[in-house]
Every structure is written in C-alpha cells, then in structure tokens.
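*Asks:* Next comes coords_39.cif, mmCIF, C-alpha atoms:
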```cif
data_upload
loop_
_atom_site.group_PDB
_atom_site.id
_atom_site.type_symbol
_atom_site.label_atom_id
_atom_site.label_comp_id
_atom_site.auth_asym_id
_atom_site.auth_seq_id
_atom_site.Cartn_x
_atom_site.Cartn_y
_atom_site.Cartn_z
ATOM 1 C CA SER A 1 122.671 65.136 151.337
ATOM 2 C CA SER A 2 122.306 63.033 148.177
ATOM 3 C CA SER A 3 126.036 62.252 148.170
ATOM 4 C CA SER A 4 125.940 61.106 151.810
ATOM 5 C CA SER A 5 122.928 58.854 151.162
ATOM 6 C CA SER A 6 124.696 57.468 148.103
ATOM 7 C CA SER A 7 127.833 56.685 150.108
ATOM 8 C CA THR A 8 125.730 55.066 152.847
ATOM 9 C CA SER A 9 123.987 52.883 150.249
ATOM 10 C CA THR A 10 127.323 51.922 148.703
ATOM 11 C CA SER A 11 128.844 50.987 152.066
ATOM 12 C CA SER A 12 125.794 48.917 153.037
ATOM 13 C CA MET A 13 126.132 46.963 149.788
ATOM 14 C CA SER A 14 129.893 46.462 150.027
ATOM 15 C CA MET A 15 131.646 43.090 150.142
ATOM 16 C CA LEU A 16 131.743 41.438 153.568
ATOM 17 C CA GLY A 17 135.214 41.348 155.110
ATOM 18 C CA HIS A 18 137.021 38.440 156.747
ATOM 19 C CA LEU A 19 135.803 39.357 160.227
ATOM 20 C CA GLN A 20 132.185 39.388 159.062
ATOM 21 C CA HIS A 21 132.625 36.013 157.340
ATOM 22 C CA MET A 22 134.186 34.666 160.551
ATOM 23 C CA SER A 23 131.310 36.059 162.624
ATOM 24 C CA ILE A 24 128.757 34.184 160.484
ATOM 25 C CA ALA A 25 130.859 30.998 160.366
ATOM 26 C CA ILE A 26 131.394 30.745 164.118
ATOM 27 C CA LYS A 27 127.604 30.796 164.634
ATOM 28 C CA ILE A 28 126.977 28.080 162.042
ATOM 29 C CA ALA A 29 129.979 25.794 162.757
ATOM 30 C CA PRO A 30 128.857 24.218 166.073
ATOM 31 C CA ILE A 31 125.295 23.556 164.869
ATOM 32 C CA TRP A 32 126.612 22.109 161.578
ATOM 33 C CA PHE A 33 128.966 19.746 163.400
ATOM 34 C CA LEU A 34 126.438 18.617 166.027
ATOM 35 C CA SER A 35 123.786 17.978 163.376
ATOM 36 C CA ASN A 36 126.137 15.795 161.312
ATOM 37 C CA TYR A 37 127.465 14.045 164.431
ATOM 38 C CA CYS A 38 123.936 13.229 165.640
ATOM 39 C CA TYR A 39 122.979 11.888 162.207
ATOM 40 C CA ASN A 40 125.963 9.527 162.073
ATOM 41 C CA THR A 41 125.284 8.491 165.673
ATOM 42 C CA SER A 42 121.703 7.608 164.755
ATOM 43 C CA LEU A 43 122.955 5.331 161.973
ATOM 44 C CA ASN A 44 124.939 3.342 164.553
ATOM 45 C CA HIS A 45 122.126 2.966 167.064
ATOM 46 C CA THR A 46 118.886 2.599 165.115
ATOM 47 C CA SER A 47 117.580 1.078 161.897
ATOM 48 C CA ILE A 48 118.165 2.660 158.498
ATOM 49 C CA ALA A 49 114.399 3.108 158.045
ATOM 50 C CA SER A 50 114.053 4.978 161.340
ATOM 51 C CA SER A 51 117.072 7.139 160.551
ATOM 52 C CA THR A 52 115.726 7.962 157.071
ATOM 53 C CA VAL A 53 112.267 8.830 158.418
ATOM 54 C CA LEU A 54 113.724 11.144 161.057
ATOM 55 C CA ALA A 55 116.063 12.780 158.523
ATOM 56 C CA SER A 56 113.097 13.486 156.240
ATOM 57 C CA THR A 57 111.560 15.654 158.967
ATOM 58 C CA GLY A 58 114.413 18.139 158.419
ATOM 59 C CA SER A 59 112.319 19.937 155.773
ATOM 60 C CA LEU A 60 109.484 20.346 158.280
ATOM 61 C CA PHE A 61 111.757 21.860 160.939
ATOM 62 C CA THR A 62 113.357 24.115 158.318
ATOM 63 C CA PHE A 63 109.950 25.415 157.264
ATOM 64 C CA LEU A 64 108.817 25.971 160.867
ATOM 65 C CA PHE A 65 112.052 27.761 161.843
ATOM 66 C CA ALA A 66 111.921 29.929 158.703
ATOM 67 C CA VAL A 67 108.340 30.995 159.454
ATOM 68 C CA PHE A 68 109.101 31.573 163.151
ATOM 69 C CA CYS A 69 112.160 33.739 162.336
ATOM 70 C CA GLY A 70 110.250 35.758 159.734
ATOM 71 C CA GLU A 71 112.394 34.562 156.819
ATOM 72 C CA GLU A 72 109.359 33.046 155.077
ATOM 73 C CA ARG A 73 105.606 33.365 155.306
ATOM 74 C CA PHE A 74 103.255 30.531 156.176
ATOM 75 C CA ASN A 75 100.994 29.537 153.302
ATOM 76 C CA GLN A 76 98.913 26.484 152.482
ATOM 77 C CA SER A 77 100.844 25.383 149.390
ATOM 78 C CA LYS A 78 104.167 25.320 151.231
ATOM 79 C CA CYS A 79 102.706 23.527 154.233
ATOM 80 C CA ILE A 80 101.092 20.777 152.140
ATOM 81 C CA GLY A 81 104.234 20.480 149.999
ATOM 82 C CA VAL A 82 106.527 20.026 153.005
ATOM 83 C CA LEU A 83 104.196 17.443 154.572
ATOM 84 C CA LEU A 84 104.073 15.520 151.282
ATOM 85 C CA CYS A 85 107.886 15.453 151.163
ATOM 86 C CA VAL A 86 108.053 14.104 154.722
ATOM 87 C CA LEU A 87 105.398 11.516 153.835
ATOM 88 C CA GLY A 88 107.380 10.572 150.731
ATOM 89 C CA GLY A 89 110.510 9.981 152.808
ATOM 90 C CA ILE A 90 108.573 7.810 155.276
ATOM 91 C CA SER A 91 106.932 5.788 152.494
ATOM 92 C CA THR A 92 110.262 5.181 150.726
ATOM 93 C CA ALA A 93 111.993 4.162 153.962
ATOM 94 C CA PHE A 94 109.378 1.534 154.792
ATOM 95 C CA GLY A 95 109.214 0.417 151.166
ATOM 96 C CA ASP A 96 112.942 -0.308 151.264
ATOM 97 C CA ALA A 97 112.584 -1.932 154.677
ATOM 98 C CA SER A 98 110.039 -4.419 153.340
ATOM 99 C CA GLU A 99 112.566 -5.590 150.763
ATOM 100 C CA GLU A 100 115.655 -5.653 152.957
ATOM 101 C CA GLY A 101 114.060 -7.212 156.030
ATOM 102 C CA GLU A 102 114.322 -4.158 158.241
ATOM 103 C CA GLU A 103 112.333 -5.997 160.892
ATOM 104 C CA GLU A 104 115.282 -8.339 161.375
ATOM 105 C CA GLU A 105 117.679 -5.408 161.515
ATOM 106 C CA ASP A 106 115.614 -3.788 164.262
ATOM 107 C CA GLY A 107 116.202 -6.886 166.339
ATOM 108 C CA ASN A 108 119.911 -6.064 166.558
ATOM 109 C CA PHE A 109 119.184 -2.960 168.630
ATOM 110 C CA GLY A 110 117.994 -2.993 172.230
ATOM 111 C CA PRO A 111 115.144 -0.658 173.311
ATOM 112 C CA THR A 112 117.507 1.772 175.061
ATOM 113 C CA GLU A 113 119.923 1.847 172.131
ATOM 114 C CA LYS A 114 117.098 2.397 169.631
ATOM 115 C CA ILE A 115 115.675 5.270 171.698
ATOM 116 C CA MET A 116 119.132 6.840 171.806
ATOM 117 C CA GLY A 117 119.493 6.419 168.037
ATOM 118 C CA ASP A 118 116.044 7.854 167.299
ATOM 119 C CA THR A 119 116.703 10.789 169.638
ATOM 120 C CA ALA A 120 120.001 11.497 167.864
ATOM 121 C CA GLY A 121 118.233 11.361 164.487
ATOM 122 C CA LEU A 122 115.571 13.808 165.662
ATOM 123 C CA LEU A 123 118.209 16.199 167.064
ATOM 124 C CA SER A 124 120.026 15.981 163.732
ATOM 125 C CA ALA A 125 116.878 17.014 161.835
ATOM 126 C CA ILE A 126 116.270 19.912 164.247
ATOM 127 C CA GLY A 127 119.900 21.033 163.936
ATOM 128 C CA TYR A 128 119.683 20.795 160.151
ATOM 129 C CA GLY A 129 116.658 23.073 160.106
ATOM 130 C CA ALA A 130 118.371 25.504 162.463
ATOM 131 C CA TYR A 131 121.609 25.974 160.523
ATOM 132 C CA THR A 132 119.757 26.068 157.182
ATOM 133 C CA VAL A 133 117.659 29.014 158.316
ATOM 134 C CA LEU A 134 120.733 30.584 159.953
ATOM 135 C CA ILE A 135 122.580 30.532 156.622
ATOM 136 C CA LYS A 136 119.622 32.170 154.882
ATOM 137 C CA ALA A 137 119.287 34.796 157.623
ATOM 138 C CA LYS A 138 122.969 35.720 157.931
ATOM 139 C CA CYS A 139 124.184 35.553 154.320
ATOM 140 C CA PRO A 140 123.378 38.501 152.032
ATOM 141 C CA SER A 141 120.950 37.727 149.219
ATOM 142 C CA SER A 142 123.441 39.048 146.666
ATOM 143 C CA GLU A 143 126.336 36.670 145.979
ATOM 144 C CA SER A 144 128.526 39.639 145.037
ATOM 145 C CA ARG A 145 128.616 40.707 148.708
ATOM 146 C CA TYR A 146 130.154 37.563 150.219
ATOM 147 C CA SER A 147 132.129 34.430 149.361
ATOM 148 C CA MET A 148 130.479 31.082 150.074
ATOM 149 C CA GLN A 149 133.881 29.380 149.657
ATOM 150 C CA LEU A 150 135.389 31.659 152.297
ATOM 151 C CA LEU A 151 132.439 31.105 154.628
ATOM 152 C CA PHE A 152 132.709 27.311 154.435
ATOM 153 C CA GLY A 153 136.460 27.592 154.764
ATOM 154 C CA TYR A 154 136.018 29.352 158.105
ATOM 155 C CA ILE A 155 133.354 26.838 159.202
ATOM 156 C CA GLY A 156 135.828 24.026 158.521
ATOM 157 C CA LEU A 157 138.669 25.929 160.183
ATOM 158 C CA PHE A 158 136.712 26.570 163.384
ATOM 159 C CA ASN A 159 135.551 22.962 163.599
ATOM 160 C CA MET A 160 139.088 21.700 162.996
ATOM 161 C CA VAL A 161 140.669 23.975 165.616
ATOM 162 C CA PHE A 162 138.097 23.284 168.339
ATOM 163 C CA LEU A 163 137.842 19.544 167.628
ATOM 164 C CA ILE A 164 141.562 18.708 167.382
ATOM 165 C CA PRO A 165 141.675 17.767 171.109
ATOM 166 C CA ALA A 166 138.730 15.399 170.601
ATOM 167 C CA PHE A 167 140.485 13.870 167.575
ATOM 168 C CA PHE A 168 143.600 12.979 169.561
ATOM 169 C CA LEU A 169 141.491 11.776 172.496
ATOM 170 C CA VAL A 170 139.633 9.332 170.238
ATOM 171 C CA ASP A 171 142.901 8.245 168.620
ATOM 172 C CA TRP A 172 144.482 7.440 171.989
ATOM 173 C CA THR A 173 141.531 5.962 173.889
ATOM 174 C CA VAL A 174 139.090 4.436 171.373
ATOM 175 C CA VAL A 175 140.780 3.430 168.143
ATOM 176 C CA ASN A 176 144.137 3.956 166.478
ATOM 177 C CA LEU A 177 143.574 5.862 163.245
ATOM 178 C CA THR A 178 145.855 4.738 160.419
ATOM 179 C CA TRP A 179 146.993 6.999 157.597
ATOM 180 C CA VAL A 180 144.773 5.054 155.200
ATOM 181 C CA VAL A 181 141.674 5.613 157.342
ATOM 182 C CA LEU A 182 142.574 9.279 157.818
ATOM 183 C CA GLY A 183 143.010 9.667 154.060
ATOM 184 C CA MET A 184 139.594 8.118 153.427
ATOM 185 C CA ILE A 185 138.027 10.491 155.973
ATOM 186 C CA VAL A 186 139.597 13.489 154.236
ATOM 187 C CA MET A 187 138.471 12.305 150.785
ATOM 188 C CA LYS A 188 134.949 11.665 152.057
ATOM 189 C CA GLY A 189 134.856 15.110 153.609
ATOM 190 C CA LEU A 190 136.061 16.838 150.440
ATOM 191 C CA LEU A 191 133.840 14.991 147.956
ATOM 192 C CA ASP A 192 130.753 14.593 150.137
ATOM 193 C CA ASN A 193 130.440 17.277 152.822
ATOM 194 C CA VAL A 194 132.331 20.114 151.149
ATOM 195 C CA LEU A 195 130.988 19.850 147.582
ATOM 196 C CA SER A 196 127.399 18.887 148.413
ATOM 197 C CA ASP A 197 127.058 21.361 151.295
ATOM 198 C CA TYR A 198 128.572 24.167 149.216
ATOM 199 C CA LEU A 199 126.073 23.659 146.378
ATOM 200 C CA TRP A 200 123.196 23.241 148.835
ATOM 201 C CA ALA A 201 124.127 26.412 150.757
ATOM 202 C CA ARG A 202 124.187 28.422 147.538
ATOM 203 C CA ALA A 203 120.711 27.079 146.758
ATOM 204 C CA VAL A 204 119.532 28.185 150.226
ATOM 205 C CA VAL A 205 120.695 31.769 149.613
ATOM 206 C CA LEU A 206 119.516 31.966 145.988
ATOM 207 C CA THR A 207 116.050 30.489 146.655
ATOM 208 C CA SER A 208 114.822 29.886 150.199
ATOM 209 C CA ALA A 209 115.639 27.571 153.081
ATOM 210 C CA THR A 210 112.502 25.487 152.532
ATOM 211 C CA VAL A 211 112.862 25.195 148.737
ATOM 212 C CA ALA A 212 116.503 24.119 148.997
ATOM 213 C CA THR A 213 115.769 21.576 151.736
ATOM 214 C CA VAL A 214 112.798 20.067 149.916
ATOM 215 C CA GLY A 215 114.943 19.987 146.767
ATOM 216 C CA LEU A 216 117.311 17.565 148.483
ATOM 217 C CA GLY A 217 114.396 15.149 148.698
ATOM 218 C CA LEU A 218 114.443 14.875 144.907
ATOM 219 C CA THR A 219 117.077 12.180 145.418
ATOM 220 C CA ILE A 220 114.104 9.874 146.122
ATOM 221 C CA PRO A 221 112.401 10.107 142.687
ATOM 222 C CA LEU A 222 115.814 10.266 140.968
ATOM 223 C CA ALA A 223 116.922 7.085 142.757
ATOM 224 C CA PHE A 224 113.629 5.426 141.825
ATOM 225 C CA ALA A 225 114.078 6.426 138.163
ATOM 226 C CA THR A 226 117.634 5.033 138.224
ATOM 227 C CA ASP A 227 116.447 1.726 139.697
ATOM 228 C CA LEU A 228 113.688 1.568 137.091
ATOM 229 C CA THR A 229 116.164 2.173 134.259
ATOM 230 C CA MET A 230 118.689 -0.366 135.545
ATOM 231 C CA GLY A 231 116.099 -3.004 136.443
ATOM 232 C CA ASN A 232 116.866 -2.927 140.164
ATOM 233 C CA LEU A 233 113.318 -2.341 141.356
ATOM 234 C CA ASN A 234 112.070 -3.797 144.613
ATOM 235 C CA THR A 235 110.598 -7.277 143.995
ATOM 236 C CA ASP A 236 108.169 -6.961 146.924
ATOM 237 C CA VAL A 237 104.788 -5.566 145.823
ATOM 238 C CA ALA A 238 104.352 -3.459 148.973
ATOM 239 C CA GLY A 239 107.889 -2.155 148.545
ATOM 240 C CA VAL A 240 107.271 -1.159 144.914
ATOM 241 C CA TRP A 241 104.113 0.772 145.768
ATOM 242 C CA GLY A 242 105.863 2.356 148.738
ATOM 243 C CA ASN A 243 108.669 3.619 146.483
ATOM 244 C CA VAL A 244 106.229 4.813 143.787
ATOM 245 C CA PHE A 245 104.094 6.666 146.334
ATOM 246 C CA GLY A 246 107.212 8.135 147.956
ATOM 247 C CA ALA A 247 108.646 9.389 144.651
ATOM 248 C CA LEU A 248 105.339 10.957 143.554
ATOM 249 C CA SER A 249 104.802 12.568 146.977
ATOM 250 C CA VAL A 250 108.223 14.220 146.900
ATOM 251 C CA LEU A 251 107.752 15.454 143.322
ATOM 252 C CA ILE A 252 104.311 16.926 144.024
ATOM 253 C CA GLY A 253 105.551 18.372 147.316
ATOM 254 C CA PHE A 254 108.502 20.062 145.596
ATOM 255 C CA VAL A 255 106.173 21.646 143.021
ATOM 256 C CA LEU A 256 103.782 22.880 145.732
ATOM 257 C CA VAL A 257 106.591 24.407 147.786
ATOM 258 C CA ASN A 258 107.842 26.286 144.715
ATOM 259 C CA VAL A 259 104.309 27.453 143.898
ATOM 260 C CA GLY A 260 103.964 28.702 147.474
ATOM 261 C CA SER A 261 107.309 30.511 147.251
ATOM 262 C CA ALA A 262 106.299 32.129 143.949
ATOM 263 C CA ASP A 263 103.007 33.330 145.483
ATOM 264 C CA GLU A 264 104.968 34.708 148.445
ATOM 265 C CA ARG A 265 107.287 36.685 146.130
ATOM 266 C CA HIS A 266 104.313 38.107 144.193
ATOM 267 C CA GLU A 267 102.625 39.203 147.440
ATOM 268 C CA HIS A 268 105.888 40.810 148.610
ATOM 269 C CA HIS A 269 106.410 42.753 145.367
ATOM 270 C CA GLY A 270 102.740 43.550 145.094
#
```
Translate the structure of the given file into structure tokens.
*Replies:*
Amino acid sequence: SSSSSSSTSTSSMSMLGHLQHMSIAIKIAPIWFLSNYCYNTSLNHTSIASSTVLASTGSLFTFLFAVFCGEERFNQSKCIGVLLCVLGGISTAFGDASEEGEEEEDGNFGPTEKIMGDTAGLLSAIGYGAYTVLIKAKCPSSESRYSMQLLFGYIGLFNMVFLIPAFFLVDWTVVNLTWVVLGMIVMKGLLDNVLSDYLWARAVVLTSATVATVGLGLTIPLAFATDLTMGNLNTDVAGVWGNVFGALSVLIGFVLVNVGSADERHEHHG
C-alpha cells in the first residue's frame, strides 16, 4: 500500500512530456497572439496616451481573472495596490501627453478610428490578463516538472504554422516584405517578445499572476529615475507632477500587492 502511494506520488510529480507541453501551449498560443495583435493595432489607430492607459488596465484584469478562477484570493491590500498601479499608468500617460502635445496627435484620428483603436487596446488588456492567469493555472509550480523554453517554443511553433497563410496573404496583397524588413521582424521577436516574455512567464509561475503583472509596471519609476539621472525630465510642470505621482503610485502599489500576496501565503499555510 505504501509502495503504491509512493509510486503514485512520484508519477504525479514527474516531468511533463512533449504532449503535455503542447497541450498547454495550444491553449495559450491564440490568446497570446490576439493580445499582441490588438495592442499593435491600437497603436496605429489611437493616441499613445490612450493606448498606454488601456494597457495599464492589464494588471486589473489579471487580478480579477485570478480571483475568479480561484488562483488567488481577494484581499484589500492587493486590490488597492492594483488600482494604484493602474492610476500610476494613467497619470504617467497624461503627464507625457502634456509635454508631447498629445492633444494635437489625437486630431490625426477620426472618431471611428479612435474607437476602434481604444477597443483594440481594451481587448489586448483583457487578453493579457487571460493568458497570464492561464500560464499560472496550467504550469506546475515546480520548475523541475516542466520546461519554460519548450513551452514557449511550442507557442511560437503553433503560431508560426497557423499564421503562415496569413503571412503570405499580407505579402501578396498589402505590402511586399523585403529580406531586410523580415530580418528586423525576426530580431525584434527574438530580443523583445521571446526574452521578455520568457522572463515574465517565469515570474508568473514563481510568484503569482498579479505580482508579475504589477512588476512590469516598475518600468514607470525606473524610466523616471533614468530621465532624472540623465536630465531629460519633462519641462512642463503638470507633466513633471504627473510623472512623479505615476512613479510613486506604481511603487506603492507594487509593495501593497506583495504585502497582500504574503498575507495570502500565511493564511494558506496557517
């Protein structure tokens, strides 16, 4: 009896095989692609400020999906922390807009085009929250049981296979892709999507979906600190205060989300 229970425990903790990795990847791949596609579409059809604000809501959707799916518990610290991070993203976006004349940029988009761009940005944030929680739910908590490299390899493979027809359709009907442009796309994919998403996905599994997503918002205070060091601060007073408030909101929000996660772990073990 003890030997059978031991063997059952060993098998349940064994390394995931290729078929299991493929099963997880094929669920994540379409949501990952659509989320990234909608985000890039929003950049073409709405202002940078609007796109940034909508992207910052990704942490809110991640938190809501995680609570709804039972991956995380709802607590006050997490909720306030996530809202502060969203507020920080909004404040930074409008602070930058005041310096760069975002009002003039908005004039380049018609009402219908802007609505389409804002809708795409919102769908991107919802998709981001969905596949973040999906990664946390489907990947084992122990890194010894699966390979994140293999998982992302299958995600890329599935997207490549299913999207090859669309690639040739765009090449023939919309624009002729040169080898130089194709090379730049590949380099961008390797250095941006692959590396950053790989590190972020590991953070999702090792911490939580909400902590990892809010952690991405730390680019706001880090960018502010870089501008401060290099003397590239916004010259507009409203813009400066918007960036300061945004950076502080994200920092405080990140701390609160981690405090909430720590309390959640203590309650679980207790």
*Asks:* Using all atoms listed in the file and a cutoff of 9 Å, can you tell me which residues are near (108.1, 4.3, 146.3) in the file's coordinates, and write them out as a CSV table (one decimal) with C-alpha atoms, in the frame of the given file?
*Replies:*
```csv
chain,number,residue,atom,x,y,z
A,88,GLY,CA,107.4,10.6,150.7
A,89,GLY,CA,110.5,10.0,152.8
A,91,SER,CA,106.9,5.8,152.5
A,92,THR,CA,110.3,5.2,150.7
A,93,ALA,CA,112.0,4.2,154.0
A,95,GLY,CA,109.2,0.4,151.2
A,96,ASP,CA,112.9,-0.3,151.3
A,220,ILE,CA,114.1,9.9,146.1
A,221,PRO,CA,112.4,10.1,142.7
A,224,PHE,CA,113.6,5.4,141.8
A,239,GLY,CA,107.9,-2.2,148.5
A,240,VAL,CA,107.3,-1.2,144.9
A,241,TRP,CA,104.1,0.8,145.8
A,242,GLY,CA,105.9,2.4,148.7
A,243,ASN,CA,108.7,3.6,146.5
A,244,VAL,CA,106.2,4.8,143.8
A,245,PHE,CA,104.1,6.7,146.3
A,246,GLY,CA,107.2,8.1,148.0
A,247,ALA,CA,108.6,9.4,144.7
A,248,LEU,CA,105.3,11.0,143.6
A,249,SER,CA,104.8,12.6,147.0
```
*Asks:* Could you state the separation of atom CA of His21 of chain A and atom CA of Leu151 of chain A in Å, given to one decimal place?
*Replies:* 5.6 Å
*Asks:* Which residues come within 10 Å of Val67 of chain A, counting all atoms listed in the file, excluding same-chain residues fewer than 6 positions away, as a VMD selection string?
*Replies:* chain A and resid 61 73 to 75 133 210
*Asks:* Quick check, in Å to one decimal: how far apart do atom CA of Ile24 of chain A and atom CA of Cys139 of chain A lie?
*Replies:*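 Straight-line distance from atom CA of Ile24 of chain A to atom CA of Cys139 of chain A works out to 7.8 Å.
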*Asks:* Of the candidates A:Thr229, A:Ser147, A:Asn176, A:Thr132, which shows the shortest atom-to-atom distance to Thr62 of chain A, using only C-alpha atoms?
*Replies:*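 Residue with the minimum atom-to-atom distance to Thr62 of chain A: A:Thr132.
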*Asks:* One decimal, in Å: what's the spacing between atom CA of Thr52 of chain A and atom CA of Gly127 of chain A?
*Replies:*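 Atom-to-atom, atom CA of Thr52 of chain A and atom CA of Gly127 of chain A are spaced 15.3 Å apart.
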*Asks:* May I ask which of the residues A:Gly121, A:Gly110, A:Gly70, A:Pro30 is the closest one to Thr57 of chain A, counting only C-alpha atoms?
*Replies:* A:Gly121
*Asks:* Measuring between only C-alpha atoms, which one of A:His45, A:Arg145, A:His266, A:Lys27 shows the shortest distance to Thr112 of chain A?
*Replies:*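 Counting only C-alpha atoms, the residue closest to Thr112 of chain A is A:His45.
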*Asks:* Hey, what comes out of the PyMOL selection byres ((chain A and resi 154) around 10) on this file? Could you write it as a PyMOL selection string?
*Replies:* chain A and resi 18+21-26+28-29+148-153+155-160
*Asks:* Quick one: of A:Leu190, A:Leu199, A:Ile90, A:Ala166, who's nearest to Thr213 of chain A, counting only C-alpha atoms?
*Replies:*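 Looking at the shortest contact to Thr213 of chain A, the residue is A:Leu199.
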*Asks:* Report, as lines of an AutoDock Vina configuration file, the centre and edge lengths in Å (one decimal) of the axis-aligned box enclosing every listed atom of segment 50-63 of chain A, padded by 6 Å on each side.
*Replies:*
```
center_x = 113.3
center_y = 15.2
center_z = 158.6
size_x = 19.6
size_y = 32.4
size_z = 17.6
```
*Asks:* Nearest to Tyr131 of chain A: which of A:Phe65, A:Trp172, A:Phe254, A:Trp179 is it, counting all atoms listed in the file?
*Replies:*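 Ranking A:Phe65, A:Trp172, A:Phe254, A:Trp179 by distance to Tyr131 of chain A, first place goes to A:Phe65.
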*Asks:* With distances taken over only C-alpha atoms, which of A:Leu216, A:Val255, A:Ile164, A:Ala137 is nearest to Ala55 of chain A?
*Replies:* A:Leu216
*Asks:* Could you pull the residues within 10 Å of Val259 of chain A, counting all atoms listed in the file, minus those fewer than 6 positions along the same chain, as a compact mmCIF listing (two decimals) with C-alpha atoms, keeping the file's coordinate frame?
*Replies:*
```
# COMPACT_ATOMS: atom_id res chain seq x y z
CA SER A 77 100.84 25.38 149.39
CA LYS A 78 104.17 25.32 151.23
CA GLY A 81 104.23 20.48 150.00
CA GLY A 253 105.55 18.37 147.32
CA ARG A 265 107.29 36.68 146.13
```
*Asks:* Just want the 8 Å neighbourhood of Tyr128 of chain A, counted on all atoms listed in the file, with same-chain residues fewer than 6 positions away dropped. Output as a list in words.
*Replies:*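 With the cut-off at 8 Å, the set is Ile31, Trp32, Ser35, Gly58 and Thr62 of chain A.
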*Asks:* Would you pick out the contacts of Asp118 of chain A at 7 Å or less, using all atoms listed in the file, so that residues sharing its chain but fewer than 4 positions from it are not included, and give the list as a list in words?
*Replies:*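 Using all atoms listed in the file, the neighbours found are Ser42, Thr46, Ser50, Ser51, Lys114 and Leu122 of chain A.
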*Asks:* Create the file for the chosen residues now, containing C-alpha atoms and written as a CSV table (one decimal), in the frame of the given file.
*Replies:*
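Below is the file again-v4.csv, written as the result:
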```csv
chain,number,residue,atom,x,y,z
A,42,SER,CA,121.7,7.6,164.8
A,46,THR,CA,118.9,2.6,165.1
A,50,SER,CA,114.1,5.0,161.3
A,51,SER,CA,117.1,7.1,160.6
A,114,LYS,CA,117.1,2.4,169.6
A,122,LEU,CA,115.6,13.8,165.7
```
